[in-house]
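Novice: Structure in structure tokens, see below.
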Amino acid sequence: FKLHRYLVRQRKRMNPSSASDIISLAKGAFLHDIGLNAIPSDARAHWSEHRDETHKVWRHHVEKGHQMVTGQVDSATAAAVLQHHQYFDGSGFPTKPNWEGKEFGLTGENIHIFARIVAAADQFDEIKNQPDGTTWPTVRVLRILTSGVMSRRLDPIVLKALLQVIPVYPPGSYVKLSDDRQAFILDWNQD
């Protein structure tokens, strides 16, 4: 697991063997969008068609999901469900008002490490699988994730690990080389 040391550093209050246990991460990843079942179907349909993260009803799926799993799963899993749309730069949700009444989300390491990992996987999946049913090439998705606004949304350590485990051109890809030759990707060495 590429993030073993990072997990241990991020979960300081736990012994290292518990800190690197990723069962709760897997459960959080599996359940992260369970709250979509608790919001109206028109809000889900709007999201599926437009991917509009500003839609207020759709945004509530994280809180609804958290309510559904609290008391049923451990706190790390529940945190991944609640915080998987919290972005490293603070631009995510859910938000709450500060003392001036301005809305803000969690930032950086204030977001549970499992939620940061789920956020990266979720963003990859959202970009890869477009609302119109098309699937974008991995190289295009990774370029978007590593540039501009998207790169600031994700934990840089988690993003780096994602780049190490997802091949830009997966085996089976047909590519055009810089010298105009055609090639077929047979294998991928992640080292």
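A note on labels: chains of the structure tokens are A, B, ... as shown, every chain counts residues from 1, and ligands are counted from 1 in their shown order.
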Can you pull out every residue within 12 Å of segment 34-41 of chain A, counting only C-alpha atoms, but drop anything in the same chain fewer than 5 positions away, and send it as a PyMOL selection string?
Specialist: chain A and resi 27-29+46-48+55-70+78+80-82+84
Novice: For the structure I just gave you, how does DSSP split chain A - specifically, which residues are helix (DSSP H, G or I)? Reply as a PyMOL selection string.
Specialist: chain A and resi 4-10+16-19+23-31+34-38+41-50+56-59+61-69+75-83+108-110+113-128+138-145+148-153+156-165
Novice: I'd like the interatomic distance between atom CA of Ser147 of chain A and atom CA of Asp33 of chain A, to a tenth of an Å.
Specialist: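 Interatomic distance, atom CA of Ser147 of chain A to atom CA of Asp33 of chain A: 25.6 Å.
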Novice: Enumerate, as a PDB file with all heavy atoms, in the first residue's frame, the complete set of residues in segment 1-185 of chain A that a backbone-based DSSP assignment places in strand (DSSP E or B).
Specialist:
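Wrote it out as states.pdb, contents follow:
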```pdb
ATOM      1  N   THR A  70     -23.679   6.413  11.082  1.00  0.00           N
ATOM      2  CA  THR A  70     -23.239   6.664  12.454  1.00  0.00           C
ATOM      3  C   THR A  70     -23.884   5.655  13.405  1.00  0.00           C
ATOM      4  O   THR A  70     -25.088   5.426  13.370  1.00  0.00           O
ATOM      5  CB  THR A  70     -23.573   8.108  12.880  1.00  0.00           C
ATOM      6  OG1 THR A  70     -22.853   9.002  12.022  1.00  0.00           O
ATOM      7  CG2 THR A  70     -23.175   8.371  14.321  1.00  0.00           C
ATOM      8  N   VAL A  73     -21.072   1.860  11.951  1.00  0.00           N
ATOM      9  CA  VAL A  73     -19.685   1.625  11.536  1.00  0.00           C
ATOM     10  C   VAL A  73     -18.765   2.413  12.456  1.00  0.00           C
ATOM     11  O   VAL A  73     -19.209   3.263  13.220  1.00  0.00           O
ATOM     12  CB  VAL A  73     -19.455   2.044  10.058  1.00  0.00           C
ATOM     13  CG1 VAL A  73     -20.308   1.218   9.112  1.00  0.00           C
ATOM     14  CG2 VAL A  73     -19.705   3.533   9.858  1.00  0.00           C
ATOM     15  N   LYS A  96     -19.773  25.122   7.223  1.00  0.00           N
ATOM     16  CA  LYS A  96     -20.457  25.711   8.376  1.00  0.00           C
ATOM     17  C   LYS A  96     -20.027  27.161   8.464  1.00  0.00           C
ATOM     18  O   LYS A  96     -18.957  27.540   7.964  1.00  0.00           O
ATOM     19  CB  LYS A  96     -20.154  24.940   9.652  1.00  0.00           C
ATOM     20  CG  LYS A  96     -18.692  24.803   9.993  1.00  0.00           C
ATOM     21  CD  LYS A  96     -18.515  23.919  11.203  1.00  0.00           C
ATOM     22  CE  LYS A  96     -17.036  23.668  11.428  1.00  0.00           C
ATOM     23  NZ  LYS A  96     -16.804  22.754  12.516  1.00  0.00           N
ATOM     24  N   PRO A  97     -20.841  28.009   9.080  1.00  0.00           N
ATOM     25  CA  PRO A  97     -20.491  29.431   9.160  1.00  0.00           C
ATOM     26  C   PRO A  97     -19.411  29.690  10.214  1.00  0.00           C
ATOM     27  O   PRO A  97     -19.392  29.052  11.258  1.00  0.00           O
ATOM     28  CB  PRO A  97     -21.806  30.109   9.543  1.00  0.00           C
ATOM     29  CG  PRO A  97     -22.635  29.036  10.155  1.00  0.00           C
ATOM     30  CD  PRO A  97     -22.159  27.725   9.604  1.00  0.00           C
ATOM     31  N   GLU A 103     -19.416  30.961   5.084  1.00  0.00           N
ATOM     32  CA  GLU A 103     -19.356  29.499   5.046  1.00  0.00           C
ATOM     33  C   GLU A 103     -17.930  29.029   4.745  1.00  0.00           C
ATOM     34  O   GLU A 103     -17.236  29.627   3.928  1.00  0.00           O
ATOM     35  CB  GLU A 103     -20.303  28.963   3.971  1.00  0.00           C
ATOM     36  CG  GLU A 103     -21.764  29.226   4.253  1.00  0.00           C
ATOM     37  CD  GLU A 103     -22.329  28.351   5.353  1.00  0.00           C
ATOM     38  OE1 GLU A 103     -21.998  27.145   5.402  1.00  0.00           O
ATOM     39  OE2 GLU A 103     -23.095  28.879   6.177  1.00  0.00           O
ATOM     40  N   PHE A 104     -17.506  27.969   5.396  1.00  0.00           N
ATOM     41  CA  PHE A 104     -16.191  27.401   5.127  1.00  0.00           C
ATOM     42  C   PHE A 104     -16.234  25.892   5.334  1.00  0.00           C
ATOM     43  O   PHE A 104     -17.054  25.381   6.077  1.00  0.00           O
ATOM     44  CB  PHE A 104     -15.110  28.038   6.010  1.00  0.00           C
ATOM     45  CG  PHE A 104     -15.198  27.644   7.457  1.00  0.00           C
ATOM     46  CD1 PHE A 104     -14.387  26.639   7.956  1.00  0.00           C
ATOM     47  CD2 PHE A 104     -16.090  28.270   8.318  1.00  0.00           C
ATOM     48  CE1 PHE A 104     -14.469  26.256   9.288  1.00  0.00           C
ATOM     49  CE2 PHE A 104     -16.174  27.895   9.649  1.00  0.00           C
ATOM     50  CZ  PHE A 104     -15.371  26.890  10.140  1.00  0.00           C
ATOM     51  N   ASN A 129     -15.674   8.913 -15.960  1.00  0.00           N
ATOM     52  CA  ASN A 129     -16.994   8.487 -16.428  1.00  0.00           C
ATOM     53  C   ASN A 129     -17.905   9.701 -16.554  1.00  0.00           C
ATOM     54  O   ASN A 129     -18.498  10.139 -15.579  1.00  0.00           O
ATOM     55  CB  ASN A 129     -17.573   7.448 -15.474  1.00  0.00           C
ATOM     56  CG  ASN A 129     -16.668   6.243 -15.378  1.00  0.00           C
ATOM     57  OD1 ASN A 129     -16.481   5.529 -16.348  1.00  0.00           O
ATOM     58  ND2 ASN A 129     -16.068   6.035 -14.219  1.00  0.00           N
ATOM     59  N   THR A 135     -16.431   7.541 -21.697  1.00  0.00           N
ATOM     60  CA  THR A 135     -15.334   7.294 -20.762  1.00  0.00           C
ATOM     61  C   THR A 135     -14.102   7.982 -21.312  1.00  0.00           C
ATOM     62  O   THR A 135     -13.683   7.703 -22.431  1.00  0.00           O
ATOM     63  CB  THR A 135     -15.078   5.780 -20.627  1.00  0.00           C
ATOM     64  OG1 THR A 135     -16.285   5.153 -20.200  1.00  0.00           O
ATOM     65  CG2 THR A 135     -13.982   5.510 -19.617  1.00  0.00           C
ATOM     66  N   TYR A 174      -3.977   1.507 -27.096  1.00  0.00           N
ATOM     67  CA  TYR A 174      -3.359   1.704 -28.398  1.00  0.00           C
ATOM     68  C   TYR A 174      -2.945   3.159 -28.450  1.00  0.00           C
ATOM     69  O   TYR A 174      -3.779   4.039 -28.238  1.00  0.00           O
ATOM     70  CB  TYR A 174      -4.368   1.364 -29.501  1.00  0.00           C
ATOM     71  CG  TYR A 174      -3.787   1.261 -30.876  1.00  0.00           C
ATOM     72  CD1 TYR A 174      -2.875   0.259 -31.199  1.00  0.00           C
ATOM     73  CD2 TYR A 174      -4.151   2.151 -31.867  1.00  0.00           C
ATOM     74  CE1 TYR A 174      -2.347   0.143 -32.473  1.00  0.00           C
ATOM     75  CE2 TYR A 174      -3.633   2.049 -33.149  1.00  0.00           C
ATOM     76  CZ  TYR A 174      -2.734   1.048 -33.442  1.00  0.00           C
ATOM     77  OH  TYR A 174      -2.214   0.943 -34.702  1.00  0.00           O
ATOM     78  N   VAL A 175      -1.663   3.449 -28.673  1.00  0.00           N
ATOM     79  CA  VAL A 175      -1.159   4.819 -28.611  1.00  0.00           C
ATOM     80  C   VAL A 175      -0.378   5.181 -29.866  1.00  0.00           C
ATOM     81  O   VAL A 175       0.109   4.311 -30.592  1.00  0.00           O
ATOM     82  CB  VAL A 175      -0.253   5.029 -27.369  1.00  0.00           C
ATOM     83  CG1 VAL A 175      -1.036   4.821 -26.087  1.00  0.00           C
ATOM     84  CG2 VAL A 175       0.963   4.129 -27.401  1.00  0.00           C
ATOM     85  N   LYS A 176      -0.253   6.486 -30.067  1.00  0.00           N
ATOM     86  CA  LYS A 176       0.577   7.002 -31.148  1.00  0.00           C
ATOM     87  C   LYS A 176       1.810   7.619 -30.500  1.00  0.00           C
ATOM     88  O   LYS A 176       1.702   8.501 -29.650  1.00  0.00           O
ATOM     89  CB  LYS A 176      -0.188   8.057 -31.952  1.00  0.00           C
ATOM     90  CG  LYS A 176       0.573   8.584 -33.137  1.00  0.00           C
ATOM     91  CD  LYS A 176      -0.302   9.552 -33.920  1.00  0.00           C
ATOM     92  CE  LYS A 176       0.412  10.039 -35.156  1.00  0.00           C
ATOM     93  NZ  LYS A 176      -0.440  10.980 -35.906  1.00  0.00           N
ATOM     94  N   GLN A 182       2.616   3.710 -34.337  1.00  0.00           N
ATOM     95  CA  GLN A 182       1.534   3.214 -33.496  1.00  0.00           C
ATOM     96  C   GLN A 182       2.100   2.144 -32.571  1.00  0.00           C
ATOM     97  O   GLN A 182       2.983   1.383 -32.967  1.00  0.00           O
ATOM     98  CB  GLN A 182       0.419   2.614 -34.364  1.00  0.00           C
ATOM     99  CG  GLN A 182      -0.119   3.564 -35.413  1.00  0.00           C
ATOM    100  CD  GLN A 182      -0.948   4.679 -34.806  1.00  0.00           C
ATOM    101  OE1 GLN A 182      -1.704   4.462 -33.884  1.00  0.00           O
ATOM    102  NE2 GLN A 182      -0.777   5.889 -35.312  1.00  0.00           N
ATOM    103  N   ALA A 183       1.585   2.082 -31.352  1.00  0.00           N
ATOM    104  CA  ALA A 183       2.063   1.075 -30.399  1.00  0.00           C
ATOM    105  C   ALA A 183       0.894   0.565 -29.567  1.00  0.00           C
ATOM    106  O   ALA A 183      -0.115   1.244 -29.384  1.00  0.00           O
ATOM    107  CB  ALA A 183       3.133   1.670 -29.499  1.00  0.00           C
ATOM    108  N   PHE A 184       1.072  -0.621 -29.056  1.00  0.00           N
ATOM    109  CA  PHE A 184       0.087  -1.264 -28.199  1.00  0.00           C
ATOM    110  C   PHE A 184       0.752  -1.494 -26.845  1.00  0.00           C
ATOM    111  O   PHE A 184       1.837  -2.066 -26.772  1.00  0.00           O
ATOM    112  CB  PHE A 184      -0.336  -2.598 -28.842  1.00  0.00           C
ATOM    113  CG  PHE A 184      -1.466  -3.270 -28.130  1.00  0.00           C
ATOM    114  CD1 PHE A 184      -2.769  -2.823 -28.274  1.00  0.00           C
ATOM    115  CD2 PHE A 184      -1.230  -4.371 -27.321  1.00  0.00           C
ATOM    116  CE1 PHE A 184      -3.815  -3.448 -27.627  1.00  0.00           C
ATOM    117  CE2 PHE A 184      -2.270  -5.012 -26.666  1.00  0.00           C
ATOM    118  CZ  PHE A 184      -3.567  -4.548 -26.822  1.00  0.00           C
TER     119      PHE A 184
END
```
Novice: List as a list in words the protein and nucleic acid residues near Ile185 of chain A, meaning an atom at most 10 Å away when only C-alpha atoms are counted, but skip any in the same chain fewer than 6 places from it.
Specialist: Tyr169, Pro170, Pro171, Gly172, Ser173, Tyr174 and Val175 of chain A
Novice: Based on the selection just made, write C-alpha atoms of those residues as a tab-separated table (two decimals), in the first residue's frame.
Specialist:
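Once everything was written out, this is out_11.tsv:
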```
chain	number	residue	atom	x	y	z
A	169	TYR	CA	-1.71	4.23	-20.54
A	170	PRO	CA	-3.08	0.96	-19.14
A	171	PRO	CA	-2.19	-2.36	-20.76
A	172	GLY	CA	-4.40	-2.83	-23.78
A	173	SER	CA	-4.15	0.83	-24.82
A	174	TYR	CA	-3.36	1.70	-28.40
A	175	VAL	CA	-1.16	4.82	-28.61
```
Novice: Find the residues near Ala120 of chain A: any atom within 7 Å, counting only C-alpha atoms, skip ones fewer than 4 places away on the same chain, and give them as a PyMOL selection string.
Specialist: chain A and resi 116+124+154+159
Novice: Can you list, as a list in words, every protein, DNA or RNA residue that comes within 7 Å of Tyr87 of chain A when you count only C-alpha atoms, leaving out same-chain residues fewer than 2 positions away?
Specialist: His85, Asp89, Gly90, Ser91, Gly92, Thr107, Arg153 and Leu154 of chain A
Novice: Have a look at atom CA of Ser20 of chain A and atom CA of Val141 of chain A and let me know their distance in Å, one decimal.
Specialist: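 That distance, rounded to one decimal, is 28.0 Å.
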Novice: One number please: atom CA of Val8 of chain A to atom CA of Gln86 of chain A, in Å, one decimal.
Specialist: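 If I compute the distance from atom CA of Val8 of chain A to atom CA of Gln86 of chain A, I get 20.9 Å.
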Novice: For a quick check of understanding, using only C-alpha atoms, which of A:Arg44, A:His112, A:Arg51, A:Lys2 has the smallest distance to Leu25 of chain A?
Specialist: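 Closest to Leu25 of chain A of all the choices is A:His112.
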Novice: So that I can see what lies close to His50 of chain A, please list as an mmCIF file with C-alpha atoms, in the first residue's frame the residues with an atom at most 12 Å from it, counting only C-alpha atoms and leaving out residues fewer than 6 positions away in the same chain.
Specialist:
```cif
data_model
loop_
_atom_site.group_PDB
_atom_site.id
_atom_site.type_symbol
_atom_site.label_atom_id
_atom_site.label_comp_id
_atom_site.auth_asym_id
_atom_site.auth_seq_id
_atom_site.Cartn_x
_atom_site.Cartn_y
_atom_site.Cartn_z
ATOM 1 C CA ASP A 42 -34.666 14.766 -9.057
ATOM 2 C CA ALA A 43 -31.545 15.945 -7.177
ATOM 3 C CA ARG A 44 -29.754 12.691 -8.072
ATOM 4 C CA TRP A 58 -27.466 17.074 -3.646
ATOM 5 C CA GLU A 126 -16.252 11.375 -11.788
ATOM 6 C CA GLN A 130 -18.710 11.456 -18.018
ATOM 7 C CA PRO A 131 -22.425 12.292 -17.602
ATOM 8 C CA ASP A 132 -23.082 11.604 -21.296
#
```
